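Dropping structure05.cif in here (mmCIF, C-alpha atoms (C1' of nucleotides)):
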data_protein
loop_
_atom_site.label_atom_id
_atom_site.label_comp_id
_atom_site.auth_asym_id
_atom_site.auth_seq_id
_atom_site.Cartn_x
_atom_site.Cartn_y
_atom_site.Cartn_z
CA MET D 25 146.39 189.48 43.35
CA LYS D 26 146.49 191.25 46.68
CA ARG D 27 145.21 194.78 46.98
CA THR D 28 148.53 196.20 48.11
CA VAL D 29 150.22 194.78 45.05
CA ARG D 30 147.54 196.09 42.71
CA ILE D 31 147.59 199.60 44.14
CA LYS D 32 151.37 199.74 43.93
CA LYS D 33 151.27 198.27 40.46
CA LEU D 34 148.86 201.01 39.38
CA TYR D 35 151.34 203.63 40.58
CA LYS D 36 154.21 201.98 38.75
CA GLU D 37 152.22 201.72 35.53
CA LEU D 38 151.16 205.34 35.65
CA TYR D 39 154.69 206.47 36.42
CA THR D 40 156.12 204.42 33.57
CA LYS D 41 153.52 205.85 31.20
CA HIS D 42 153.68 209.53 32.19
CA GLY D 43 156.88 210.05 34.20
CA ARG D 44 157.15 212.87 36.74
CA PRO D 45 154.00 215.03 36.72
CA THR D 46 154.24 218.17 34.56
CA GLY D 47 152.26 221.37 33.97
CA GLN D 48 150.45 222.59 37.07
CA TRP D 49 151.75 219.53 38.89
CA ARG D 50 155.34 220.70 38.57
CA LEU D 51 154.55 223.33 41.21
CA TRP D 52 152.18 221.17 43.21
CA CYS D 53 154.67 218.29 43.46
CA LYS D 54 157.76 220.48 43.84
CA ARG D 55 160.05 219.84 46.81
CA PRO D 56 161.00 221.86 48.72
CA LYS D 57 158.46 224.69 48.48
CA THR D 58 158.55 228.33 49.47
CA THR D 59 155.83 229.91 51.60
CA ARG D 60 154.67 231.85 48.57
CA GLU D 61 154.30 228.63 46.59
CA ARG D 62 152.35 226.96 49.40
CA GLU D 63 149.91 229.86 49.48
CA GLU D 64 149.46 229.84 45.70
CA ILE D 65 148.66 226.14 45.88
CA ILE D 66 146.08 226.72 48.62
CA ILE D 67 144.43 229.45 46.53
CA GLY D 68 144.47 227.22 43.46
CA ALA D 69 142.97 224.30 45.41
CA VAL D 70 139.86 226.37 46.14
CA LEU D 71 139.61 227.95 42.69
CA THR D 72 139.88 224.65 40.85
CA GLN D 73 136.69 223.22 42.36
CA ARG D 74 134.67 221.91 39.42
CA THR D 75 136.72 224.09 37.11
CA ASN D 76 139.14 223.67 34.23
CA TRP D 77 142.71 224.41 35.32
CA ASN D 78 143.15 226.89 32.47
CA ASN D 79 140.43 229.12 33.99
CA VAL D 80 142.16 228.89 37.37
CA GLU D 81 145.51 229.92 35.88
CA MET D 82 143.90 233.02 34.39
CA ALA D 83 142.45 233.92 37.78
CA ILE D 84 145.80 233.41 39.53
CA ALA D 85 147.50 235.55 36.86
CA ARG D 86 145.00 238.35 37.48
CA LEU D 87 145.54 238.13 41.23
CA LYS D 88 149.29 238.40 40.68
CA ASP D 89 148.87 241.36 38.30
CA ALA D 90 146.90 243.08 41.04
CA ARG D 91 149.68 242.20 43.53
CA VAL D 92 147.36 239.91 45.46
CA CYS D 93 149.82 237.07 45.94
CA SER D 94 149.41 235.87 49.51
CA LEU D 95 146.67 234.86 51.92
CA ASP D 96 147.29 238.08 53.84
CA ASP D 97 146.79 240.05 50.62
CA ILE D 98 143.45 238.30 50.20
CA CYS D 99 142.42 239.20 53.77
CA TYR D 100 143.39 242.80 53.14
CA LEU D 101 141.63 243.14 49.80
CA GLY D 102 138.58 241.28 51.07
CA GLN D 103 138.30 243.75 53.91
CA LYS D 104 138.84 246.81 51.74
CA ASN D 105 137.16 245.92 48.46
CA ARG D 106 135.49 242.55 48.33
CA LYS D 107 133.95 243.25 44.93
CA LYS D 108 137.41 243.68 43.46
CA LEU D 109 138.58 240.37 44.93
CA VAL D 110 135.59 238.63 43.40
CA ARG D 111 136.20 240.31 40.04
CA LEU D 112 139.84 239.17 39.96
CA ILE D 113 138.86 235.49 40.22
CA LYS D 114 135.96 235.74 37.78
CA SER D 115 137.50 233.40 35.20
CA SER D 116 137.52 230.51 37.68
CA GLY D 117 133.71 230.38 37.72
CA PHE D 118 131.42 230.24 40.79
CA TYR D 119 133.36 233.35 41.71
CA ARG D 120 131.00 234.80 44.31
CA GLN D 121 131.08 231.56 46.29
CA LYS D 122 134.78 231.01 45.81
CA GLY D 123 135.55 234.58 46.85
CA GLY D 124 133.80 233.94 50.14
CA TYR D 125 135.48 230.56 50.57
CA LEU D 126 138.95 232.01 49.95
CA LEU D 127 138.42 234.91 52.29
CA GLY D 128 137.07 232.66 55.05
CA LEU D 129 140.03 230.32 54.69
CA ALA D 130 142.62 233.12 54.60
CA ARG D 131 141.12 234.75 57.69
CA PHE D 132 140.97 231.44 59.51
CA ILE D 133 144.63 230.68 58.85
CA ARG D 134 145.72 234.15 59.91
CA LYS D 135 143.61 234.17 63.06
CA ASN D 136 144.36 230.65 64.23
CA TYR D 137 147.93 230.11 63.12
CA GLY D 138 149.37 233.42 62.02
CA ASN D 139 151.12 231.91 59.02
CA ILE D 140 151.55 228.78 56.95
CA GLU D 141 154.77 227.62 58.59
CA LYS D 142 153.15 227.63 62.04
CA MET D 143 150.09 225.95 60.60
CA ARG D 144 152.30 223.18 59.22
CA LYS D 145 153.44 222.26 62.73
CA THR D 146 149.91 221.34 63.79
CA ASN D 147 148.79 217.73 64.07
CA LEU D 148 147.29 216.40 60.83
CA SER D 149 143.96 215.03 62.08
CA ARG D 150 143.27 218.20 64.03
CA LEU D 151 144.12 220.36 61.00
CA ARG D 152 141.82 218.31 58.81
CA GLU D 153 138.90 218.59 61.23
CA GLU D 154 139.32 222.33 61.50
CA LEU D 155 139.53 222.90 57.75
CA LEU D 156 136.49 220.69 57.10
CA CYS D 157 134.44 223.00 59.33
CA LEU D 158 135.11 225.95 57.02
CA LYS D 159 132.55 226.84 54.39
CA GLY D 160 133.63 225.69 50.94
CA LEU D 161 136.19 223.18 52.16
CA GLY D 162 134.93 219.66 51.57
CA PRO D 163 137.13 216.55 51.78
CA GLU D 164 138.85 216.94 48.41
CA THR D 165 139.80 220.59 48.72
CA THR D 166 140.86 220.10 52.33
CA ASP D 167 143.03 217.10 51.51
CA SER D 168 144.56 218.87 48.48
CA ILE D 169 145.55 221.76 50.73
CA LEU D 170 146.99 219.39 53.32
CA LEU D 171 148.87 217.20 50.82
CA TYR D 172 150.15 219.76 48.32
CA GLY D 173 150.16 223.00 50.30
CA LEU D 174 151.30 221.70 53.68
CA GLU D 175 152.99 218.44 52.62
CA LYS D 176 151.00 216.27 55.01
CA PRO D 177 150.66 212.54 54.18
CA ILE D 178 146.98 212.29 53.27
CA PHE D 179 145.65 210.78 50.03
CA VAL D 180 143.35 212.92 47.85
CA ILE D 181 140.31 211.27 46.25
CA ASP D 182 138.52 212.85 43.30
CA GLU D 183 136.32 211.95 40.37
CA TYR D 184 139.31 210.70 38.32
CA THR D 185 140.33 208.40 41.16
CA ARG D 186 136.85 206.90 41.19
CA ARG D 187 136.91 206.38 37.43
CA LEU D 188 140.25 204.57 37.57
CA ILE D 189 139.20 202.42 40.53
CA LYS D 190 136.07 201.47 38.64
CA ARG D 191 137.89 200.81 35.40
CA TYR D 192 140.40 198.46 37.02
CA ARG D 193 137.82 197.04 39.42
CA LEU D 194 140.01 197.74 42.45
CA ALA D 195 137.00 198.35 44.73
CA GLU D 196 133.22 198.30 44.79
CA ASN D 197 132.75 200.95 47.45
CA LEU D 198 133.53 204.36 45.93
CA SER D 199 132.92 206.51 49.00
CA TYR D 200 135.57 209.08 49.84
CA SER D 201 136.59 207.63 53.19
CA PHE D 202 136.74 204.07 51.91
CA LEU D 203 138.95 204.92 48.92
CA GLN D 204 141.20 207.16 50.97
CA GLU D 205 141.76 204.33 53.40
CA LEU D 206 142.30 201.87 50.56
CA PHE D 207 145.20 203.92 49.18
CA GLU D 208 146.69 204.82 52.54
CA LYS D 209 146.59 201.24 53.88
CA ASN D 210 148.28 199.89 50.77
CA LEU D 211 151.08 202.42 50.39
CA PRO D 212 153.95 203.60 52.58
CA LYS D 213 152.97 206.76 54.46
CA ASP D 214 154.93 209.19 52.27
CA TYR D 215 153.54 212.55 51.17
CA ARG D 216 155.85 212.63 48.13
CA LEU D 217 154.43 209.35 46.88
CA TYR D 218 150.88 210.53 47.57
CA GLN D 219 151.48 213.79 45.69
CA ASP D 220 152.91 212.14 42.60
CA PHE D 221 150.39 209.30 42.59
CA HIS D 222 147.36 211.56 42.76
CA ALA D 223 148.76 213.87 40.09
CA LEU D 224 149.36 210.85 37.83
CA ILE D 225 145.80 209.67 38.40
CA VAL D 226 144.45 213.03 37.20
CA ILE D 227 146.82 213.11 34.22
CA GLU D 228 145.79 209.59 33.25
CA GLY D 229 142.12 210.47 33.77
CA LYS D 230 142.31 213.37 31.32
CA ASN D 231 144.29 211.19 28.95
CA LEU D 232 141.52 208.60 28.80
CA LEU D 233 138.95 211.10 27.50
"C1'" DA B 14 124.02 225.51 20.71
"C1'" DC B 15 125.53 222.52 23.15
"C1'" DC B 16 129.16 219.84 26.48
"C1'" DC B 17 132.60 219.73 30.00
"C1'" DA B 18 135.83 220.80 34.01
"C1'" DG B 19 140.34 217.90 40.03
"C1'" DG B 20 133.40 220.32 44.39
"C1'" DT B 21 130.47 222.09 47.86
"C1'" DG B 22 126.34 223.50 50.55
"C1'" DG B 23 121.59 223.20 51.22
"C1'" DC B 24 117.79 220.88 50.84
"C1'" DC B 25 115.00 216.51 50.83
"C1'" DC B 26 113.94 211.64 52.09
"C1'" DG P 26 123.68 207.36 54.29
"C1'" DG P 27 122.33 209.10 49.27
"C1'" DG P 28 119.89 212.09 45.36
"C1'" DC P 29 119.13 216.53 43.39
"C1'" DC P 30 119.96 221.33 42.44
"C1'" DA P 31 122.40 225.93 42.22
"C1'" DC P 32 126.64 228.03 41.56
"C1'" DA P 33 129.46 230.50 36.35
"C1'" DT P 34 133.40 230.76 33.49
"C1'" DG P 35 136.20 229.72 29.11
"C1'" DG P 36 137.33 226.25 25.67
"C1'" DG P 37 136.16 222.44 22.43
#

Transcribe the structure of this file into structure tokens.
Amino acid sequence: MKRTVRIKKLYKELYTKHGRPTGQWRLWCKRPKTTREREEIIIGAVLTQRTNWNNVEMAIARLKDARVCSLDDICYLGQKNRKKLVRLIKSSGFYRQKGGYLLGLARFIRKNYGNIEKMRKTNLSRLREELLCLKGLGPETTDSILLYGLEKPIFVIDEYTRRLIKRYRLAENLSYSFLQELFEKNLPKDYRLYQDFHALIVIEGKNLL
DNA sequence: ACCCAGGTGGCCC
DNA sequence: GGGCCACATGGG
């Protein structure tokens, strides 16, 4: 069977099994999104690195309790009281690193674009290159921000994707760039499809454990 | 007392 | 290009 068919078939099977993504994915796959929601997704994308989503939710709840809800709020608090910012995200683990990553990202967006809506108007490949230069933003976090926060058509690869690809023997090469190209070449270029598909891959991945 | 979770940077070869 | 380690929490 051709690759295109198998990749599409995988999507259809996952959709049939799980339906529209739920839980955290309800926000991440929501359309349309408010600016506030986009910024929460960007914050969550950094905090969830190698971390259980439950711990991230607790951190986001603490940020909201402290009225730190936007990227500008993070810039402000980071400037005024960085220790407090770090303390608020403690439950997400690796909090000293992630505090620095978040602050660097928030400052970069403010300085270079002003706000999320302006950022969204920038060309995808240029955005991706710029984000990848920031400390703490590797390919997965960058692509999650682009796909879910900014609704750009780019496929996110993670450990669950690799497990599924291995399990169904859809590819031998498991490198990030190869798998990303595999999905993108075999699917219509549609950010909504990419969002739902990746979410379903993660849901299925957890389900298999 | 373990094990794990939607990674990344810094080092080494 | 790849292998290894540190980074840290909360839940099973």

Exercise for review: Just give me the residues with any atom within 10 Å of (135.8, 232.5, 33.5), file coordinates, counting all atoms listed in the file, written as a list in words.
Suggested key: Thr75, Asn76, Asn78, Asn79, Val80, Met82, Ala83, Ile113, Lys114, Ser115, Ser116, Gly117, Phe118 and Tyr119 of chain D; DA33, DT34 and DG35 of chain P

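Coordinates place atom C1' of DG20 of chain B at a distance of 8.6 Å from atom CA of Thr72 of chain D.
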
Exercise for review: Quote the spacing between atom CA of Pro177 of chain D and atom CA of Arg60 of chain D in Å to one decimal place.
Suggested key: 20.5 Å

Point to revise | 8 Å contacts from chain B to chain D using all atoms listed in the file, as number ranges by chain | key: B: 18-22

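Taking atom CA of Gln204 of chain D and atom CA of Ile84 of chain D as the two end points, the separation is 29.0 Å.
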
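Nearest residue to chain P, choosing from D:Arg120, D:Phe179, D:Leu232, D:Phe202 and counting all atoms listed in the file: D:Arg120.
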
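Residues selected in this file by the PyMOL selection byres ((chain D and resi 26-31) around 12) comprise Met25, Lys32, Lys33, Leu34, Tyr35, Lys36, Glu37, Leu38, Thr185, Leu188, Ile189, Tyr192, Arg193, Leu194, Ala195, Leu203, Glu205, Leu206, Phe207, Glu208, Lys209, Asn210, Leu211, Pro212, Tyr218, Phe221 and Ile225 of chain D.
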
Review point. Applied to the shown file, which residues does the PyMOL selection byres ((chain D and resi 215) around 10) return, written as a PyMOL selection string?
Key: chain D and resi 53+170-172+174-179+212-214+216-221

Check your understanding: Once the PyMOL selection byres ((chain D and resi 59) around 12) has been applied to the shown file, what residues remain in the selection, as a ChimeraX atom specification?
Key -> /D:55-58,60-66,93-95,139-144,173-175

Point to revise | Test item: residues at most 12 Å from DC26 of chain B, all atoms listed in the file, excluding those fewer than 4 positions along its chain, as a count of residues only | key: 4

**Study point:** Among listed residues D:Arg50, D:Lys107, D:Lys122, D:Arg91, nearest chain P (using only C-alpha atoms (C1' of nucleotides))
**Key:**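 For chain P, the nearest of the candidates is D:Lys122.
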
Study note, to complete from the structure: One residue among D:Arg111, D:Leu129, D:Arg106, D:Lys54 is nearest to chain P when using all atoms listed in the file, and that residue is D:Arg111

Check your understanding: Between D:Leu233, D:Ile67, D:Leu109, D:Leu224, which is the closest to Pro45 of chain D once you count all atoms listed in the file?
Key ->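 The closest residue to Pro45 of chain D is D:Leu224.
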
Give the centre and edge lengths of an axis-aligned box, in Å to one decimal, that holds all listed atoms of segment 124-143 of chain D with 4 Å on each side, as JSON.
{"center_x": 144.3, "center_y": 230.4, "center_z": 57.1, "size_x": 29.0, "size_y": 17.0, "size_z": 22.3}
